[in-house]
Every structure is written in structure tokens, then in C-alpha cells.
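Enquirer: What follows is a structure written as C-alpha cells; I'll ask about it next.
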Amino acid sequence: MRKKNKADLIIAVQELLQKKTVGTQEEIRAALEQKGFSVHQVKVSRVLHKMGAIKINEGDQVVYRLPTELVSITPNDSLKQLILNITHNESLIVIQTAPGCAQFVARFLDQKNDIGILGTVAGDDTVFVAPEKTKQIKNIHQKIYKMLLG
């Protein structure tokens, strides 16, 4: 049996991200160990970073996947898969998305007239949502959460 090299490791990680549901670097490390690789969490982190792996919401869990440029998105995919987290403070709602998806999510919210927002500002992977009334922020947060993840 030949020694496994860096290219073998990258291929193995790609296969894991495409075929398995792995949510932590420790799960990836353990799966790689079963395939004969001896790697530490730091090495897994470096490989994921180099590949541009992202975490996305699938069902009720957040998992690692390849970036959307390498993964085909079909019409059956839901907006839910693009959302990583939705949180708020007393004045602003923040939505974290998969890289490159924030503007799509912001546009979706801007088109909704009945949720009580003034508007959105989107970067690459973060959306700031300004509520019409800060006193209603919890209610608006719940509406957005149900709309995007419900």
C-alpha cells in the first residue's frame, strides 16, 4: 500500500464533504483516520480553508460543504440551505449566510412588505436588517427566522 500524500488528503476531504454530513472538524478528522490518514484538527482546518469549504444549514444542523462554485444548486434547493445563523440585538437583525449569498437573501427580504423592516444591507456573507420599529425587533426576528428557516 502506497503512502498517502497531500493530494490524496484533499481528494478524501472533497469526497467526505460531498457524500457525508460532517459538522465539525473533529468528525472530518475521525472519518479521515478511518480511511488511513493520520491528521490533526489543525491540518483539517488548513485543508478546509484551502478548499474554501463553507458551513451551510441542512435540515436542523450546520454542515461543511464545498463552496457553491463547486456544488451545483438546483431549483429544488431551498433558501434554508444558504442561512447559517440569524441573530439580533436591540436595534439590528444580523443574518449570516454562505459566502456569496447575502445579496440574494437581502433582496428576498426587501421584497417582503409585511414583515416590518425598513430595508437591508448585504455584504458577501452577512445581511443587516433594519426594523421599522426597534420595539418590535423580537417579533420581526421571529418572522424572518420562520420565513427563512421555518
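The way I read the labels, and the way they are meant: chains A, B, ... in the order of the C-alpha cells, residue 1 as the first residue of every chain, and ligand 1 as the first ligand shown, with later ones counted on from there.
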Determine which residues of chain A receive a DSSP assignment of strand (DSSP E or B), computed from the backbone, and state them as a ChimeraX atom specification.
Expert: /A:54-58,61-65,83-88,93-97,117-122,126-131
Enquirer: Using only C-alpha atoms, which protein or nucleic acid residues come within 10 Å of A:Leu109? Drop anything in the same chain fewer than 4 positions from it, and give the result as a VMD selection string.
Expert: chain A and resid 103 to 105 113 to 115 117 119 to 120 127 129 144 147 to 148
Enquirer: Just C-alpha atoms for this one: save the residues we selected as a PDB file, in the first residue's frame.
Expert:
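Output saved as again.pdb:
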```
ATOM      1  CA  GLN A 103     -27.326  39.794  -1.502  1.00  0.00           C
ATOM      2  CA  PHE A 104     -29.771  37.122  -2.633  1.00  0.00           C
ATOM      3  CA  VAL A 105     -31.208  36.809   0.901  1.00  0.00           C
ATOM      4  CA  ASN A 113     -43.714  44.271   2.537  1.00  0.00           C
ATOM      5  CA  ASP A 114     -45.434  42.764   5.560  1.00  0.00           C
ATOM      6  CA  ILE A 115     -42.573  41.865   7.909  1.00  0.00           C
ATOM      7  CA  ILE A 117     -38.422  46.174   8.011  1.00  0.00           C
ATOM      8  CA  GLY A 119     -34.532  47.643   4.452  1.00  0.00           C
ATOM      9  CA  THR A 120     -31.383  45.562   4.313  1.00  0.00           C
ATOM     10  CA  VAL A 127     -27.074  40.789   5.918  1.00  0.00           C
ATOM     11  CA  VAL A 129     -31.766  44.102   8.593  1.00  0.00           C
ATOM     12  CA  ILE A 144     -37.659  36.337   9.454  1.00  0.00           C
ATOM     13  CA  MET A 147     -39.634  32.653   6.754  1.00  0.00           C
ATOM     14  CA  LEU A 148     -36.018  31.653   6.082  1.00  0.00           C
TER      15      LEU A 148
END
```
Enquirer: May I have a table of the residues of stretch 35-108 of chain A lying at most 10 Å from stretch 1-21 of chain A, giving each one's closest pair of atoms and their distance in Å to one decimal, counting only C-alpha atoms, ordered by chain and ascending residue number, as a tab-separated table?
Expert:
```
residue	atom	partner	partner_atom	distance
A:Lys35	CA	A:Ala12	CA	8.2
A:Gly36	CA	A:Lys4	CA	8.1
A:Phe37	CA	A:Lys4	CA	7.1
A:Ser38	CA	A:Lys4	CA	9.5
A:Val39	CA	A:Leu9	CA	9.3
A:Val44	CA	A:Val13	CA	8.5
A:Val47	CA	A:Ile10	CA	6.9
A:Leu48	CA	A:Val13	CA	8.0
A:Lys50	CA	A:Ile10	CA	9.4
A:Met51	CA	A:Ile10	CA	8.1
A:Ala53	CA	A:Leu17	CA	8.4
A:Ile54	CA	A:Leu17	CA	9.8
A:Glu58	CA	A:Thr21	CA	8.9
A:Gln61	CA	A:Thr21	CA	9.2
A:Val62	CA	A:Thr21	CA	9.0
A:Val63	CA	A:Thr21	CA	6.2
A:Tyr64	CA	A:Leu17	CA	6.2
A:Arg65	CA	A:Leu17	CA	5.1
A:Leu66	CA	A:Leu17	CA	6.5
A:Val71	CA	A:Gln18	CA	8.5
```
Enquirer: Give me a file of those residues, with N, CA and C atoms, as a PDB file, in the first residue's frame.
Expert:
```pdb
ATOM      1  N   LYS A  35     -10.011   6.213   7.025  1.00  0.00           N
ATOM      2  CA  LYS A  35      -9.532   5.992   5.661  1.00  0.00           C
ATOM      3  C   LYS A  35      -8.017   5.855   5.602  1.00  0.00           C
ATOM      4  N   GLY A  36      -7.358   5.854   6.789  1.00  0.00           N
ATOM      5  CA  GLY A  36      -5.925   5.629   6.816  1.00  0.00           C
ATOM      6  C   GLY A  36      -5.057   6.866   6.900  1.00  0.00           C
ATOM      7  N   PHE A  37      -5.662   8.023   7.110  1.00  0.00           N
ATOM      8  CA  PHE A  37      -4.896   9.259   7.239  1.00  0.00           C
ATOM      9  C   PHE A  37      -4.634   9.537   8.711  1.00  0.00           C
ATOM     10  N   SER A  38      -3.444  10.016   9.010  1.00  0.00           N
ATOM     11  CA  SER A  38      -3.112  10.420  10.362  1.00  0.00           C
ATOM     12  C   SER A  38      -2.973  11.940  10.357  1.00  0.00           C
ATOM     13  N   VAL A  39      -4.069  12.644  10.714  1.00  0.00           N
ATOM     14  CA  VAL A  39      -4.070  14.112  10.680  1.00  0.00           C
ATOM     15  C   VAL A  39      -4.615  14.667  11.991  1.00  0.00           C
ATOM     16  N   VAL A  44      -6.709  19.530   9.332  1.00  0.00           N
ATOM     17  CA  VAL A  44      -8.053  19.518   8.749  1.00  0.00           C
ATOM     18  C   VAL A  44      -8.508  20.957   8.501  1.00  0.00           C
ATOM     19  N   VAL A  47      -6.740  22.403   5.443  1.00  0.00           N
ATOM     20  CA  VAL A  47      -7.252  21.838   4.190  1.00  0.00           C
ATOM     21  C   VAL A  47      -8.627  22.435   3.863  1.00  0.00           C
ATOM     22  N   LEU A  48      -9.497  22.535   4.852  1.00  0.00           N
ATOM     23  CA  LEU A  48     -10.824  23.120   4.628  1.00  0.00           C
ATOM     24  C   LEU A  48     -10.699  24.562   4.146  1.00  0.00           C
ATOM     25  N   LYS A  50      -8.106  25.964   2.621  1.00  0.00           N
ATOM     26  CA  LYS A  50      -7.510  25.962   1.277  1.00  0.00           C
ATOM     27  C   LYS A  50      -8.549  25.619   0.214  1.00  0.00           C
ATOM     28  N   MET A  51      -9.458  24.702   0.545  1.00  0.00           N
ATOM     29  CA  MET A  51     -10.501  24.288  -0.394  1.00  0.00           C
ATOM     30  C   MET A  51     -11.637  25.305  -0.479  1.00  0.00           C
ATOM     31  N   ALA A  53     -13.957  25.502   1.843  1.00  0.00           N
ATOM     32  CA  ALA A  53     -15.145  24.830   2.383  1.00  0.00           C
ATOM     33  C   ALA A  53     -15.943  25.802   3.235  1.00  0.00           C
ATOM     34  N   ILE A  54     -17.242  25.650   3.195  1.00  0.00           N
ATOM     35  CA  ILE A  54     -18.148  26.520   3.946  1.00  0.00           C
ATOM     36  C   ILE A  54     -19.078  25.675   4.801  1.00  0.00           C
ATOM     37  N   GLU A  58     -28.316  22.498   6.748  1.00  0.00           N
ATOM     38  CA  GLU A  58     -29.030  21.401   6.088  1.00  0.00           C
ATOM     39  C   GLU A  58     -29.938  20.758   7.116  1.00  0.00           C
ATOM     40  N   GLN A  61     -29.227  21.011  11.116  1.00  0.00           N
ATOM     41  CA  GLN A  61     -27.818  21.054  11.519  1.00  0.00           C
ATOM     42  C   GLN A  61     -26.989  21.864  10.525  1.00  0.00           C
ATOM     43  N   VAL A  62     -25.864  22.340  10.993  1.00  0.00           N
ATOM     44  CA  VAL A  62     -24.917  23.064  10.154  1.00  0.00           C
ATOM     45  C   VAL A  62     -23.797  22.098   9.784  1.00  0.00           C
ATOM     46  N   VAL A  63     -23.500  21.997   8.480  1.00  0.00           N
ATOM     47  CA  VAL A  63     -22.509  21.033   8.000  1.00  0.00           C
ATOM     48  C   VAL A  63     -21.515  21.697   7.050  1.00  0.00           C
ATOM     49  N   TYR A  64     -20.352  21.085   6.898  1.00  0.00           N
ATOM     50  CA  TYR A  64     -19.355  21.555   5.940  1.00  0.00           C
ATOM     51  C   TYR A  64     -19.729  21.089   4.537  1.00  0.00           C
ATOM     52  N   ARG A  65     -19.564  21.983   3.574  1.00  0.00           N
ATOM     53  CA  ARG A  65     -19.756  21.653   2.166  1.00  0.00           C
ATOM     54  C   ARG A  65     -18.735  22.430   1.340  1.00  0.00           C
ATOM     55  N   LEU A  66     -18.579  22.040   0.091  1.00  0.00           N
ATOM     56  CA  LEU A  66     -17.733  22.778  -0.827  1.00  0.00           C
ATOM     57  C   LEU A  66     -18.450  24.066  -1.203  1.00  0.00           C
ATOM     58  N   VAL A  71     -20.355  23.271  -6.104  1.00  0.00           N
ATOM     59  CA  VAL A  71     -21.536  22.461  -5.825  1.00  0.00           C
ATOM     60  C   VAL A  71     -22.674  23.007  -6.671  1.00  0.00           C
TER      61      VAL A  71
END
```
Enquirer: Please indicate the distance in Å from atom CA of A:Leu79 to atom CA of A:Val94, rounded to one decimal place.
Expert: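 Computing it gives 16.0 Å between the two atoms.
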Enquirer: In Å to one decimal, how far is atom CA of A:Gln41 from atom CA of A:Gln81?
Expert: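 Atom-to-atom, atom CA of A:Gln81 and atom CA of A:Gln41 are spaced 25.5 Å apart.
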Enquirer: Hey, what's within 8 Å of A:Leu82 if we count only C-alpha atoms and toss same-chain stuff fewer than 2 positions away? As a list in words, please?
Expert: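 Within the cut-off, the hits are Ile56, Asn57, Ser78, Leu79, Lys80, Leu84, Thr97, Ala98 and Cys101 of chain A.
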Enquirer: Could you tell me which of A:Leu149, A:Arg29, A:Val121, A:Ala102 comes closest to A:Gly59 if we count only C-alpha atoms?
Expert: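 Closest residue, counting only C-alpha atoms: A:Leu149.
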Enquirer: From the set A:Thr134, A:Tyr145, A:Val42, A:Gln34, which residue has the shortest atom-to-atom contact distance to A:Asn89, counting only C-alpha atoms?
Expert: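 Counting only C-alpha atoms, the residue closest to A:Asn89 is A:Thr134.
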